2 protein chains.
Amino acid sequence: MNHESSLVNQLTGRLIAGELRPGARLSEAALAKEFDVSRNTLREAFRVLGEQGLVNHIPHRGVSVASPNTSDVIDIYRVRRHIECSVLENAPNNHPGAEQMRRAVETAHSAAAADDWLQVGTLNMSFHNAVVSLSDSSRLMRSFGNVLAELRLAFLKVEVLDFLHAPFVERNQEVLDAYLNESPREAAAKLGAYLGDSERQVLGAYARAGQD
Amino acid sequence: MNHESSLVNQLTGRLIAGELRPGARLSEAALAKEFDVSRNTLREAFRVLGEQGLVNHIPHRGVSVASPNTSDVIDIYRVRRHIECSVLENAPNNHPGAEQMRRAVETAHSAAAADDWLQVGTLNMSFHNAVVSLSDSSRLMRSFGNVLAELRLAFLKVEVLDFLHAPFVERNQEVLDAYLNESPREAAAKLGAYLGDSERQVLGAYARAGQD
DNA sequence: GCATATTTGTCCGTATGTATA
DNA sequence: CTATACATACGGACAAATATG
């Protein structure tokens, strides 16, 4: 059996769950023992995560969980605007991805009504992944997924709590409606405004937390 | 000194130079001996290149140079259209990246006059990297660089010779002029048309070569 | 289909370099 | 400054999977 890819998935799961906090040093020996793999196997997984931007590899100082600063956040939102808006604006009608978007919004409404904010946050990610899936590009989806995972670390760093995503459930609904009933251009414009507000909220949290 | 990152660079250099052909198996023992590194070090570099899409890693069957098929090429051009056109359309005026674009076009004209088509190909990549640099996003530039490197492998696979880039020198010039003298929207439209033609040319080469 | 050789996956031990206490 | 802890890289070893005859 292949430990390697499942090891990457396990580590990613811990990272986005916040069990390995941003900035935390990741000891080779400790983690190797914890996951019951050799240091070499773990190091190979570290290289993959480093390339994905989830961990930082500082020469001769080891590996630590990525800890995005404000310029990282700004860069991440630049990527989001370019990719998400471009994909939505050029999306064809009746793309199956729209159904994924619809489900994500619908389920998010239910989850919000049940005060399950963790679920709301997860469904928010599903919605935006669905948007990018309108591109039919596996490479774009892969890169975008990495960026969203990195943004998740930014949330964890300044403790942007999941319930703060509440207002965005309705915004996602509006983006979807614009795509279905108006025009891709209008939907992309709404999405761009959404991303601007979302970015401001995260940067505000950084300022309050006194992070650079 | 850090062997690891320089090893990745050395391998990347060989790959885009065509010394390691698309589809070629990369023996751990042989390459480790050739680069005078241990197998473990080489395997870590393989993981990085795998994440970048330059090599394929099949468990228990080793690593081989990526060999993009037609659907890969189509996917790559989807990414190029979304990223390059979106960046150009939203680029500010007087961005320093425009100077890089200008230099690439100017030098390409000279190189074309001197029949140095290898150089023309390199400068073509410089031009499009410069376009993406208009985004001021390091993540976008990194992802785009990986995609361009993968496209380079596609060229090598079907032997799209560098002199075929000759007509595109003028197209790049037109894109630049549109950006400088007309509007970002007009420049993006020209770039989109350019990418469509470029994609057709590559897919034509695939058809002639009988590749899927 | 079977036996053998090759290759990969994993792990350990150790020497060296680096930063921290 | 010395000592300690840790990360890096190498080399060797063996099991497991694959390729080859």
# chains A, B, ... in the order shown; residues from 1 in each chain; ligands from 1
>>> closest_atom_pairs(of="chain B", to="chain A", cutoff="6 Å", atoms="only C-alpha atoms", output="Markdown table")
| residue | atom | partner | partner_atom | distance |
| --- | --- | --- | --- | --- |
| B:Glu44 | CA | A:Glu44 | CA | 5.1 |
| B:Arg47 | CA | A:Val48 | CA | 6.0 |
| B:Val48 | CA | A:Val48 | CA | 5.9 |
| B:Asp75 | CA | A:Ser137 | CA | 5.5 |
| B:His82 | CA | A:Ser86 | CA | 5.9 |
| B:Ser86 | CA | A:His82 | CA | 5.9 |
| B:Ser137 | CA | A:Asp75 | CA | 5.5 |
>>> interface_residues(of="chain C", to="chain A", cutoff="9 Å", atoms="only C-alpha atoms (C1' of nucleotides)", output="list in words")
DG9, DT10, DC11, DC12, DG17, DT18 and DA19 of chain C
>>> interface_residues(of="chain D", to="chain B", cutoff="12 Å", atoms="only C-alpha atoms (C1' of nucleotides)", output="list in words")
DT8, DA9, DC10, DG11, DG12, DA16, DA17, DT18 and DA19 of chain D
>>> write_last_selection(atoms="N, CA and C atoms (P, O5', C5', C4', C3', O3' and C1' of nucleotides)", output="compact mmCIF listing (two decimals), in the first residue's frame")
# COMPACT_ATOMS: atom_id res chain seq x y z
P DT D 8 15.40 20.17 7.14
O5' DT D 8 16.78 19.70 6.57
C5' DT D 8 17.84 20.64 6.39
C4' DT D 8 19.08 19.91 5.94
C3' DT D 8 18.89 19.01 4.71
O3' DT D 8 19.73 19.48 3.67
C1' DT D 8 20.12 17.91 6.43
P DA D 9 19.42 18.97 2.16
O5' DA D 9 20.38 17.70 2.04
C5' DA D 9 21.78 17.89 2.18
C4' DA D 9 22.47 16.56 2.35
C3' DA D 9 22.12 15.50 1.29
O3' DA D 9 23.28 15.21 0.53
C1' DA D 9 22.14 14.58 3.49
P DC D 10 23.16 14.17 -0.64
O5' DC D 10 23.83 12.90 0.03
C5' DC D 10 25.09 13.04 0.68
C4' DC D 10 25.43 11.77 1.42
C3' DC D 10 25.34 10.51 0.56
O3' DC D 10 26.62 9.91 0.46
C1' DC D 10 24.26 10.22 2.67
P DG D 11 26.90 8.83 -0.65
O5' DG D 11 26.69 7.45 0.11
C5' DG D 11 27.44 7.20 1.29
C4' DG D 11 26.89 5.98 1.99
C3' DG D 11 26.60 4.81 1.03
O3' DG D 11 27.42 3.70 1.42
C1' DG D 11 24.74 5.24 2.50
P DG D 12 27.34 2.38 0.63
O5' DG D 12 26.45 1.46 1.59
C5' DG D 12 26.67 1.51 3.01
C4' DG D 12 25.55 0.78 3.73
C3' DG D 12 25.14 -0.55 3.08
O3' DG D 12 25.08 -1.57 4.06
C1' DG D 12 23.24 0.84 3.42
P DA D 16 7.09 -7.95 2.89
O5' DA D 16 6.68 -7.10 1.62
C5' DA D 16 6.41 -5.70 1.76
C4' DA D 16 6.18 -5.09 0.39
C3' DA D 16 5.30 -5.92 -0.54
O3' DA D 16 4.36 -5.08 -1.18
C1' DA D 16 7.35 -5.45 -1.60
P DA D 17 3.08 -5.71 -1.96
O5' DA D 17 3.33 -5.16 -3.45
C5' DA D 17 3.62 -3.79 -3.65
C4' DA D 17 4.33 -3.61 -4.98
C3' DA D 17 3.63 -4.31 -6.16
O3' DA D 17 3.23 -3.33 -7.10
C1' DA D 17 5.99 -4.71 -6.15
P DT D 18 2.43 -3.80 -8.44
O5' DT D 18 3.60 -3.79 -9.53
C5' DT D 18 4.53 -2.71 -9.55
C4' DT D 18 5.68 -3.06 -10.48
C3' DT D 18 5.26 -3.63 -11.84
O3' DT D 18 5.75 -2.80 -12.87
C1' DT D 18 7.01 -4.90 -10.86
P DA D 19 5.37 -3.11 -14.39
O5' DA D 19 6.71 -3.76 -14.93
C5' DA D 19 7.95 -3.06 -14.78
C4' DA D 19 9.12 -3.92 -15.25
C3' DA D 19 8.93 -4.52 -16.65
O3' DA D 19 10.16 -4.41 -17.36
C1' DA D 19 9.32 -6.25 -15.06
>>> select_by_dssp(residues="range 67-147 of chain B", states="helix (DSSP H, G or I)", output="count of residues only")
64
>>> residues_around(residues="Val175 in chain A", least_positions_apart="6", cutoff="7 Å", atoms="only C-alpha atoms (C1' of nucleotides)", output="PyMOL selection string")
chain A and resi 187+190-191
>>> write_last_selection(atoms="C-alpha atoms", output="short mmCIF file (atom, residue, chain, number, x, y, z; two decimals), in the first residue's frame")
data_model
loop_
_atom_site.label_atom_id
_atom_site.label_comp_id
_atom_site.auth_asym_id
_atom_site.auth_seq_id
_atom_site.Cartn_x
_atom_site.Cartn_y
_atom_site.Cartn_z
CA ALA A 187 -22.64 37.24 -11.92
CA LYS A 190 -21.34 40.37 -8.03
CA LEU A 191 -18.69 37.77 -7.25
#
>>> residues_around(residues="range 64-67 of chain A", least_positions_apart="4", cutoff="10 Å", atoms="only C-alpha atoms (C1' of nucleotides)", output="PyMOL selection string")
chain A and resi 15+20-27+46+49-50+53-58+72+150-151+153-154+156-158
>>> select_by_dssp(residues="range 1-153 of chain B", states="strand (DSSP E)", output="ChimeraX atom specification")
/B:25-26,55-58,62-65
>>> closest_residue(among="A:Ala207, A:Ala130, A:Ile16, A:Leu7", to="Leu176 in chain A", atoms="only C-alpha atoms")
A:Ala130
>>> atom_distance(atom1="CA of Ala104 in chain B", atom2="CA of Val131 in chain B")
10.7 Å
>>> atom_distance(atom1="CA of Asp212 in chain B", atom2="CA of Asn69 in chain B")
5.7 Å
>>> residues_around(residues="Gln173 in chain B", least_positions_apart="3", cutoff="9 Å", atoms="only C-alpha atoms (C1' of nucleotides)", output="ChimeraX atom specification")
/B:101-102,105-106,168-170,176-178
>>> atom_distance(atom1="CA of Gln10 in chain B", atom2="CA of Leu31 in chain B")
11.5 Å
